[in-house]
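Engineer: I'd like to ask you about the structure that follows.
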Amino acid sequence: MTDPLGWSLVEAAEAITARKISSLELTQAAIAQARRWQPVTNAFIDLREDVAMAAARAADAGPAVGLLHGVPLAHKDMYYRKGRISTCGSVIRRNYVASTTATAFDRIDRAGAIDLGTLNMAEWAGGATGHNIHFGDACNPWSPEHITGGSSSGTGAAVACRAIFAGLGSDTGGSIRLPAAACGLAGIKPSWGRVSRAGAMPRAWSLDCVGPMARTVRDCARLLGVIAGPDQADPTASFETVPDYELGIDAPVTGMVLGLPENFFFDEVDGAVGALLDAALGEFRRLGVTTVPVTIPDGQALLDLGGLVSVVEAAAIHRELMTTRARDYSKNLFERTEPGLHIPAVRYLEALSLRAKFLAEFSAAALAHCDALFVPAIGQSLPTRAETDVEKGASLAFAHGKLIRCTRPFSYLGLPALSVPCGFTAGDLPAGFQLAGRPFDEISLFRLGHAYQRATGHHLKAPALREVVPA
Amino acid sequence: MPSERPPPEMIAAEARAHYGVALAPGRAEKLAIEVGGMIAAADRAASRLAFEDEPSAFPRAMREQAR
């Protein structure tokens, strides 16, 4: 038998259901892997071994209850589980016990998954790098000196080191797609409203999305299928039909069309990442996918307006705590949130009101003649944690602005965007591309991403355990 | 629509009066630049695309643009 921790989520679920391995064996192996890597990655905030083992024994004792039966997962520590502490990556919530359970957790539980515990994240989900002054930085299994990406940093690190098969992140401006790209994973920010946010810590209500990160696109499709759909507890959750994302995922992609932006998205791509993106495009062409050039109407406006909406909503959420607990915020997050306190309400509402028109304009210009856009996830080779440590003087424009350039526009537009790993730059540092599509057309992104992974196999490579680097 | 950078004095007064924050020296000037930049960006966008006054315009646009 191959190393079970090298299986995909789908393979693990099938093996448990077929009784080729027990949930207890797999959970024990995952816990051992999490403990081995924890000194390097600092991925877990709370590894709940006893609870997970008990759940695994219960799973083995009964029939398979769902598509995730017996598979060990863990999630960003901002999803509430009744009676459990959710830190949200902040010392302010170090002892905060949730009084309700997130809808996404309810659905994952009903599908039979085992919850190993809570995962590290950027403070209040407000950072693109993975730094955290309260719980220590999450570190990239591929190179602990380099960033994991954020804000779903612990999910990225834990999935990449094969301690879990998948996990939830959250994405307001790139917080699923950036750590997915930086850690060599697949991750999808679904369409806005595709997944209920009930029981999830808000970062910016108009932009927040719940979504999965995993090693394979198909695993993301499975997990999204479990959590997507309307929810009485969240009136903003869409009633659009949720398709079976795995049905037809193996179909050939011959004849599908990728849009290649001629402006904005590739403007700041460096040579090493550019070469990997070119190779990925070559692979798509070998699969029979054609490409068409597209022009992005006003990429800078999408970036700017997304930033404005995000900072105002975050400031509204944090105003009181910023007044009463200012010293319990990192300098970086406090100063990045502060401008939101001073933006006139009318300008904020204008930025929100323009979303519909920008979406219509973008769809007509960039998505009318293709199935998905192909753009970078992170346009540069991964920076180090030291280079991006704003608390120690690093430039915010470098640490934050460059990283989110290619992800935030889709957040403002509410469009689905899937990050897919496409190889490694020097030093075994992962890189990835994004596929972005029309609202609620996640299924086209999954088909394309899955076909690419079947043809390549970058996701099969595993990081090697290295010496400990203090977080 | 004029793009306006708020006076640093106004930023400092807002911080003190509404949020209880006493800004460090130079911080009000820096915030004024950042806030002014964001307002200018909103102005540029608003000058190109007209204000949409329908409250459910965005969710409706999401449905309309779906495949």
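Residues are referred to by chain and number: the chain letter is A, B, ... according to the order shown in the structure tokens, the number counts from 1 in that chain, and ligands are numbered separately from 1 in the order shown.
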Give me the chain B side of the contact with chain A, cut-off 9 Å, one line per residue showing its nearest atom pair and distance in Å at one decimal, counting only C-alpha atoms, sorted by chain and residue number, as CSV.
Structural biologist:
```
residue,atom,partner,partner_atom,distance
B:Pro6,CA,A:His342,CA,8.9
B:Ile11,CA,A:His342,CA,6.8
B:Glu14,CA,A:His342,CA,7.5
B:Ala15,CA,A:Leu341,CA,8.0
B:Tyr19,CA,A:Thr323,CA,5.9
B:Gly20,CA,A:Thr323,CA,5.9
B:Val21,CA,A:Thr323,CA,6.6
B:Leu31,CA,A:Pro339,CA,6.1
B:Ala32,CA,A:Pro339,CA,8.2
B:Glu34,CA,A:Pro339,CA,6.8
B:Val35,CA,A:Pro339,CA,5.8
B:Gly36,CA,A:Ile343,CA,8.6
B:Met38,CA,A:Leu308,CA,6.3
B:Ile39,CA,A:Arg347,CA,6.8
B:Ala41,CA,A:Asp304,CA,6.2
B:Ala42,CA,A:Ala351,CA,6.3
B:Asp43,CA,A:Arg347,CA,8.1
B:Arg44,CA,A:Ala301,CA,7.9
B:Ala45,CA,A:Ala301,CA,6.3
B:Ala46,CA,A:Glu350,CA,7.2
B:Leu49,CA,A:Lys357,CA,7.1
B:Ala50,CA,A:Leu354,CA,7.7
B:Phe51,CA,A:Leu354,CA,6.4
B:Glu52,CA,A:Ser353,CA,5.3
B:Asp53,CA,A:Ser353,CA,7.0
B:Glu54,CA,A:Ser353,CA,8.1
B:Pro55,CA,A:Ser353,CA,7.9
B:Ala57,CA,A:Ala356,CA,5.8
B:Phe58,CA,A:Ala356,CA,4.4
B:Pro59,CA,A:Ala356,CA,7.9
B:Arg60,CA,A:Ala356,CA,8.0
B:Ala61,CA,A:Ala356,CA,5.5
B:Met62,CA,A:Pro439,CA,5.7
B:Arg63,CA,A:Pro439,CA,7.2
B:Glu64,CA,A:Ala360,CA,8.6
B:Gln65,CA,A:Pro439,CA,6.3
B:Ala66,CA,A:Pro439,CA,4.7
B:Arg67,CA,A:Arg438,CA,6.5
```
Engineer: Env of Thr407 in chain A: 7 Å cut, atoms = only C-alpha atoms, seq-sep filter 3 positions within chain, self excluded. Answer as a list in words.
Structural biologist: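 Near Thr407 in chain A, the qualifying residues are Gly173, Gly174, Ala377, Ile404, Phe410 and Ser411 of chain A.
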Engineer: Have a look at CA of Leu178 in chain A and CA of Ala280 in chain A and let me know their distance in Å, one decimal.
Structural biologist: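 Calculated distance between CA of Leu178 in chain A and CA of Ala280 in chain A is 17.9 Å.
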Engineer: Give the strand (DSSP E) residues of range 160-402 of chain A, as assigned by DSSP on the backbone, as a ChimeraX atom specification.
Structural biologist: /A:166-171,186-189,209-214,257-261,290-294,372-376
Engineer: Taking only C-alpha atoms into account, which of A:Asn140, A:Arg385, A:Val257, A:Phe264 comes nearest Ser444 in chain A?
Structural biologist: A:Val257
Engineer: Grab the CA of Ala200 in chain A to CA of Met53 in chain A distance for me, in Å with one decimal place.
Structural biologist: 25.2 Å
Engineer: Hey, what's within 7 Å of range 102-114 of chain A if we count only C-alpha atoms and toss same-chain stuff fewer than 6 positions away? As a ChimeraX atom specification, please?
Structural biologist: /A:52,55-56,65-73,79-81,196,198-200,226-227
Engineer: Got a sec to tell me which of range 125-282 of chain A DSSP assigns to helix (DSSP H, G or I), as a PyMOL selection string?
Structural biologist: chain A and resi 125+153-160+177-183+217-227+271-282
Engineer: Quick one: pull the distance between CA of Cys406 in chain A and CA of Phe265 in chain A, Å, one decimal.
Structural biologist: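 We find that CA of Cys406 in chain A and CA of Phe265 in chain A lie 5.9 Å from each other.
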Engineer: Rank B:Arg5, B:Ser47, B:Ala12, B:Gly37 by their smallest atom-to-atom distance to Ala24 in chain B, using only C-alpha atoms, and report the top residue only.
Structural biologist: B:Ala12
